[in-house]
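What follows is the content of my_file.cif, which has mmCIF, C-alpha atoms:
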data_target
#
loop_
_atom_site.group_PDB
_atom_site.id
_atom_site.type_symbol
_atom_site.label_atom_id
_atom_site.label_comp_id
_atom_site.auth_asym_id
_atom_site.auth_seq_id
_atom_site.Cartn_x
_atom_site.Cartn_y
_atom_site.Cartn_z
ATOM 1 C CA MET A 295 2.799 -9.959 21.444
ATOM 2 C CA ASP A 296 0.910 -12.613 23.312
ATOM 3 C CA ASN A 297 -1.396 -14.076 20.774
ATOM 4 C CA GLY A 298 -2.000 -17.318 22.562
ATOM 5 C CA ILE A 299 -5.466 -18.574 23.182
ATOM 6 C CA ASN A 300 -6.694 -20.061 26.382
ATOM 7 C CA LEU A 301 -9.623 -22.385 26.136
ATOM 8 C CA SER A 302 -11.795 -22.890 29.134
ATOM 9 C CA PRO A 303 -11.192 -26.285 30.751
ATOM 10 C CA ASP A 304 -14.574 -27.737 29.866
ATOM 11 C CA LEU A 305 -14.046 -26.860 26.203
ATOM 12 C CA ALA A 306 -10.583 -28.321 26.286
ATOM 13 C CA GLN A 307 -12.152 -31.487 27.614
ATOM 14 C CA ASN A 308 -14.564 -31.474 24.706
ATOM 15 C CA LEU A 309 -11.701 -31.369 22.234
ATOM 16 C CA GLN A 310 -10.905 -34.954 22.987
ATOM 17 C CA ASN A 311 -14.351 -36.056 21.970
ATOM 18 C CA LEU A 312 -14.337 -34.413 18.551
ATOM 19 C CA SER A 313 -14.457 -36.459 15.393
ATOM 20 C CA ASP A 314 -11.388 -36.541 13.177
ATOM 21 C CA LYS A 315 -13.132 -34.373 10.633
ATOM 22 C CA ASP A 316 -13.969 -31.751 13.235
ATOM 23 C CA LYS A 317 -10.378 -31.753 14.424
ATOM 24 C CA GLN A 318 -9.190 -31.205 10.910
ATOM 25 C CA ASP A 319 -11.653 -28.360 10.360
ATOM 26 C CA LEU A 320 -10.540 -26.738 13.579
ATOM 27 C CA ASN A 321 -6.915 -27.077 12.690
ATOM 28 C CA GLN A 322 -7.482 -25.384 9.354
ATOM 29 C CA PHE A 323 -9.480 -22.652 11.003
ATOM 30 C CA ILE A 324 -6.749 -21.976 13.532
ATOM 31 C CA MET A 325 -4.078 -21.891 10.841
ATOM 32 C CA ALA A 326 -6.068 -19.335 8.864
ATOM 33 C CA GLU A 327 -6.886 -17.208 11.896
ATOM 34 C CA GLY A 328 -3.290 -17.609 12.814
ATOM 35 C CA ILE A 329 -3.297 -17.754 16.526
ATOM 36 C CA ALA A 330 -0.305 -19.182 18.278
ATOM 37 C CA TYR A 331 -1.665 -22.226 19.913
ATOM 38 C CA THR A 332 -0.882 -22.652 23.554
ATOM 39 C CA MET A 333 -2.949 -25.629 24.552
ATOM 40 C CA PRO A 334 -1.105 -28.678 25.768
ATOM 41 C CA ARG A 335 -0.531 -30.979 22.830
ATOM 42 C CA ARG A 336 -2.194 -33.992 24.349
ATOM 43 C CA HIS A 337 -5.613 -32.411 23.931
ATOM 44 C CA MET A 338 -5.410 -32.731 20.199
ATOM 45 C CA ASP A 339 -3.710 -35.560 18.452
ATOM 46 C CA ILE A 340 -3.165 -33.644 15.239
ATOM 47 C CA GLU A 341 -0.423 -31.384 14.032
ATOM 48 C CA ILE A 342 -0.727 -27.773 15.080
ATOM 49 C CA ASP A 343 1.195 -25.058 13.345
ATOM 50 C CA ARG A 344 2.484 -22.763 16.032
ATOM 51 C CA SER A 345 3.538 -19.910 13.805
ATOM 52 C CA PRO A 346 1.006 -17.139 13.366
ATOM 53 C CA GLY A 347 -1.176 -17.772 10.331
ATOM 54 C CA GLN A 348 -2.036 -15.560 7.429
ATOM 55 C CA LYS A 349 -4.639 -13.346 8.969
ATOM 56 C CA ALA A 350 -2.748 -12.601 12.144
ATOM 57 C CA GLN A 351 0.440 -11.983 10.201
ATOM 58 C CA ILE A 352 -1.238 -9.458 7.913
ATOM 59 C CA GLN A 353 -2.801 -7.681 10.859
ATOM 60 C CA GLN A 354 0.545 -7.601 12.596
ATOM 61 C CA THR A 355 2.160 -6.007 9.543
ATOM 62 C CA VAL A 356 -0.609 -3.423 9.272
ATOM 63 C CA HIS A 357 -0.014 -2.483 12.903
ATOM 64 C CA SER A 358 3.700 -2.020 12.490
ATOM 65 C CA LEU A 359 3.325 -0.160 9.178
ATOM 66 C CA THR A 360 0.762 2.190 10.707
ATOM 67 C CA ASP A 361 3.086 2.723 13.646
ATOM 68 C CA MET A 362 6.010 3.573 11.391
ATOM 69 C CA CYS A 363 4.160 5.654 8.785
ATOM 70 C CA PHE A 364 2.150 7.633 11.331
ATOM 71 C CA LYS A 365 5.435 8.737 12.852
ATOM 72 C CA LYS A 366 6.735 9.806 9.443
ATOM 73 C CA CYS A 367 3.611 11.363 7.945
ATOM 74 C CA VAL A 368 1.751 12.980 10.806
ATOM 75 C CA THR A 369 4.286 15.501 11.975
ATOM 76 C CA SER A 370 2.334 18.738 12.261
ATOM 77 C CA LYS A 371 0.128 19.702 15.175
ATOM 78 C CA ILE A 372 -2.917 17.465 15.467
ATOM 79 C CA SER A 373 -5.869 19.754 14.861
ATOM 80 C CA SER A 374 -8.284 17.492 13.046
ATOM 81 C CA GLY A 375 -9.485 13.924 13.431
ATOM 82 C CA LYS A 376 -8.988 13.237 9.771
ATOM 83 C CA LEU A 377 -5.836 12.772 7.742
ATOM 84 C CA ASP A 378 -5.283 15.959 5.758
ATOM 85 C CA ARG A 379 -4.525 16.343 2.048
ATOM 86 C CA SER A 380 -0.830 15.656 2.423
ATOM 87 C CA GLU A 381 -0.997 13.044 5.157
ATOM 88 C CA GLU A 382 -3.251 10.590 3.354
ATOM 89 C CA PRO A 383 -1.062 10.242 0.228
ATOM 90 C CA CYS A 384 1.977 10.186 2.483
ATOM 91 C CA MET A 385 0.583 7.150 4.336
ATOM 92 C CA GLN A 386 -0.102 5.428 1.020
ATOM 93 C CA ASN A 387 3.330 6.229 -0.352
ATOM 94 C CA CYS A 388 4.862 5.091 2.897
ATOM 95 C CA VAL A 389 3.335 1.629 2.476
ATOM 96 C CA ASP A 390 4.276 1.474 -1.220
ATOM 97 C CA ARG A 391 7.880 2.525 -0.623
ATOM 98 C CA PHE A 392 8.203 0.101 2.254
ATOM 99 C CA MET A 393 7.175 -2.699 -0.079
ATOM 100 C CA ASP A 394 9.666 -1.460 -2.693
ATOM 101 C CA ALA A 395 12.407 -1.377 -0.094
ATOM 102 C CA ASN A 396 11.436 -4.834 1.045
ATOM 103 C CA MET A 397 11.667 -6.063 -2.525
ATOM 104 C CA THR A 398 15.050 -4.423 -3.023
ATOM 105 C CA VAL A 399 16.426 -6.239 0.002
ATOM 106 C CA ILE A 400 15.077 -9.556 -1.206
ATOM 107 C CA ARG A 401 16.457 -9.029 -4.723
ATOM 108 C CA HIS A 402 19.841 -8.070 -3.382
ATOM 109 C CA LEU A 403 20.001 -11.098 -1.122
ATOM 110 C CA GLU A 404 18.959 -13.271 -4.026
ATOM 111 C CA GLN A 405 21.765 -11.797 -6.099
ATOM 112 C CA MET A 406 24.292 -12.415 -3.354
ATOM 113 C CA ARG A 407 23.122 -15.997 -3.151
ATOM 114 C CA THR A 408 23.493 -16.711 -6.862
ATOM 115 C CA LEU A 409 26.829 -14.920 -7.169
ATOM 116 C CA GLY A 410 28.141 -16.819 -4.193
ATOM 117 C CA MET B 237 -25.137 -28.692 24.537
ATOM 118 C CA ALA B 238 -23.797 -26.442 21.802
ATOM 119 C CA ASP B 239 -21.489 -27.805 19.148
ATOM 120 C CA PRO B 240 -18.038 -27.809 20.761
ATOM 121 C CA LYS B 241 -16.344 -27.112 17.434
ATOM 122 C CA GLN B 242 -18.367 -23.937 16.914
ATOM 123 C CA GLN B 243 -17.780 -22.960 20.520
ATOM 124 C CA ILE B 244 -14.035 -23.274 20.127
ATOM 125 C CA MET B 245 -14.039 -21.340 16.840
ATOM 126 C CA GLU B 246 -16.000 -18.585 18.532
ATOM 127 C CA GLN B 247 -13.520 -18.438 21.414
ATOM 128 C CA VAL B 248 -10.607 -18.309 18.990
ATOM 129 C CA ARG B 249 -12.257 -15.512 17.001
ATOM 130 C CA GLN B 250 -12.980 -13.516 20.119
ATOM 131 C CA GLN B 251 -9.482 -13.856 21.473
ATOM 132 C CA ALA B 252 -7.953 -12.895 18.132
ATOM 133 C CA ALA B 253 -10.143 -9.797 18.000
ATOM 134 C CA LEU B 254 -9.227 -9.012 21.591
ATOM 135 C CA SER B 255 -5.505 -9.220 21.022
ATOM 136 C CA ASN B 256 -5.855 -7.089 17.892
ATOM 137 C CA ALA B 257 -7.801 -4.471 19.827
ATOM 138 C CA ARG B 258 -5.303 -4.548 22.681
ATOM 139 C CA LEU B 259 -2.455 -3.906 20.283
ATOM 140 C CA LEU B 260 -4.327 -0.983 18.739
ATOM 141 C CA VAL B 261 -5.006 0.543 22.150
ATOM 142 C CA ASP B 262 -1.318 0.212 23.054
ATOM 143 C CA LYS B 263 -0.254 1.953 19.858
ATOM 144 C CA LEU B 264 -2.877 4.672 20.211
ATOM 145 C CA ASN B 265 -1.701 5.454 23.699
ATOM 146 C CA GLU B 266 1.932 5.389 22.740
ATOM 147 C CA HIS B 267 1.555 7.797 19.811
ATOM 148 C CA CYS B 268 -1.087 10.112 21.190
ATOM 149 C CA PHE B 269 0.476 10.417 24.611
ATOM 150 C CA GLU B 270 3.730 11.339 22.954
ATOM 151 C CA ARG B 271 2.029 13.916 20.726
ATOM 152 C CA CYS B 272 -0.621 15.323 23.011
ATOM 153 C CA VAL B 273 0.982 15.320 26.436
ATOM 154 C CA PRO B 274 4.481 16.712 25.962
ATOM 155 C CA LYS B 275 4.677 17.967 29.550
ATOM 156 C CA PRO B 276 2.427 16.009 31.917
ATOM 157 C CA GLY B 277 0.705 18.277 34.407
ATOM 158 C CA SER B 278 -1.281 17.428 37.514
ATOM 159 C CA SER B 279 -4.235 16.389 35.385
ATOM 160 C CA LEU B 280 -5.141 16.010 31.710
ATOM 161 C CA SER B 281 -6.116 19.448 30.468
ATOM 162 C CA SER B 282 -9.130 19.850 28.217
ATOM 163 C CA SER B 283 -6.916 20.696 25.264
ATOM 164 C CA GLU B 284 -4.937 17.521 25.897
ATOM 165 C CA THR B 285 -8.150 15.526 26.008
ATOM 166 C CA THR B 286 -9.336 17.081 22.741
ATOM 167 C CA CYS B 287 -5.980 16.381 21.147
ATOM 168 C CA PHE B 288 -6.251 12.771 22.284
ATOM 169 C CA THR B 289 -9.667 12.367 20.690
ATOM 170 C CA LEU B 290 -8.498 13.825 17.378
ATOM 171 C CA CYS B 291 -5.280 11.859 17.507
ATOM 172 C CA MET B 292 -7.147 8.603 18.063
ATOM 173 C CA GLU B 293 -9.410 9.291 15.098
ATOM 174 C CA LYS B 294 -6.435 10.165 12.973
ATOM 175 C CA TYR B 295 -4.567 7.033 13.983
ATOM 176 C CA MET B 296 -7.531 4.803 13.244
ATOM 177 C CA GLN B 297 -7.980 6.393 9.842
ATOM 178 C CA SER B 298 -4.290 5.826 9.250
ATOM 179 C CA TRP B 299 -4.732 2.182 10.203
ATOM 180 C CA ASN B 300 -7.486 1.826 7.639
ATOM 181 C CA THR B 301 -5.508 3.577 4.919
ATOM 182 C CA VAL B 302 -2.477 1.410 5.568
ATOM 183 C CA SER B 303 -4.633 -1.677 5.739
ATOM 184 C CA GLY B 304 -6.210 -0.954 2.344
ATOM 185 C CA GLN B 305 -2.891 -0.112 0.760
ATOM 186 C CA TYR B 306 -1.091 -3.125 2.204
ATOM 187 C CA LEU B 307 -3.896 -5.533 1.339
ATOM 188 C CA GLY B 308 -3.642 -4.254 -2.228
ATOM 189 C CA HIS B 309 -0.014 -5.366 -2.276
ATOM 190 C CA VAL B 310 -0.800 -8.701 -0.704
ATOM 191 C CA LYS B 311 -3.537 -9.371 -3.256
ATOM 192 C CA ARG B 312 -1.351 -8.333 -6.168
ATOM 193 C CA GLY B 313 1.233 -10.756 -4.851
ATOM 194 C CA ALA B 314 3.672 -8.906 -2.629
ATOM 195 C CA GLY B 315 6.216 -6.467 -3.962
ATOM 196 C CA GLY B 316 6.263 -3.756 -6.588
ATOM 197 C CA ALA B 317 4.749 -0.339 -6.248
ATOM 198 C CA GLY B 318 1.254 0.536 -7.241
ATOM 199 C CA ALA B 319 -1.228 3.301 -6.900
ATOM 200 C CA GLY B 320 -4.803 3.009 -5.903
ATOM 201 C CA SER B 321 -6.224 2.505 -2.476
ATOM 202 C CA GLY B 322 -8.679 -0.093 -1.455
ATOM 203 C CA GLY B 323 -11.217 -0.080 1.263
ATOM 204 C CA GLY B 324 -10.970 -2.895 3.695
ATOM 205 C CA GLY B 325 -10.708 -0.999 6.928
ATOM 206 C CA LEU B 326 -11.950 -1.920 10.343
ATOM 207 C CA PHE B 327 -13.297 1.392 11.561
#
If you convert what's in this file into structure tokens, what do you get?
Amino acid sequence: MDNGINLSPDLAQNLQNLSDKDKQDLNQFIMAEGIAYTMPRRHMDIEIDRSPGQKAQIQQTVHSLTDMCFKKCVTSKISSGKLDRSEEPCMQNCVDRFMDANMTVIRHLEQMRTLG
Amino acid sequence: MADPKQQIMEQVRQQAALSNARLLVDKLNEHCFERCVPKPGSSLSSSETTCFTLCMEKYMQSWNTVSGQYLGHVKRGAGGAGAGSGGGGLF
């Protein structure tokens, strides 16, 4: 997904005139919002983390979980705008079991690592 | 002139919201087109349109349910099962 931001040129220009404290604040903000940063480096002389930050990562996971669980849980004909009595718990279980599965994989890998 | 820092933060927020919304629209279309328009005709029938509306509502509710459930896990420190749903939806 293209998560990059594009600042307007005049704003980009302004970046160079920011105080160090402002730059630091901005950097923290961008890390938390988690947007892949696509501005040319020279506009900011501070480190930029290019990986998506917390918020964007969580949102991304929610999207892919919804995608997956909707496919699994909403299988009957769509006749109402609300999740029915079986679909809602199914969505919740779907998330829970995915986390369990995730944990199982991690534990197994961990085991493989320690056993060599 | 407005504070450039605030201006940039605002732009970042807007673009993040935009890309989130775009992703949701993509997913909505993907799922609901699949479900509601099995055999595309010369135009969208009224039943297809109704199905789309319901499907969109259902998908958004699903998003919120998943969001609440997943955030619960994240807050509890990833991993392990657990009952209980939280709020924390967008819609």
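With only C-alpha atoms as the atoms that count, the residue of A:Lys371, A:Lys376, A:Lys349, A:Met362 with the shortest distance to chain B is A:Lys376.
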Residues in the PyMOL selection byres ((chain A) within 6 of (chain B)), expressed as a ChimeraX atom specification: /A:356,360,374-377,390,393-394,397
Distance criterion (only C-alpha atoms): nearest to A:Phe364 out of A:Gln322, A:Ser302, A:Asn396, A:Asn387: A:Asn387
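In this structure, atom CA of B:Ala257 sits 14.4 Å away from atom CA of A:Thr355.
Between atom CA of B:Ser281 and atom CA of B:Asp262 lies a distance of 21.2 Å.
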Pick from A:Gln405, A:Gln353, A:Gln386, A:Ser373 nearest to B:Glu284, counting all atoms listed in the file: A:Ser373
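Atom CA of A:Phe323 sits 16.3 Å away from atom CA of A:Ala306.
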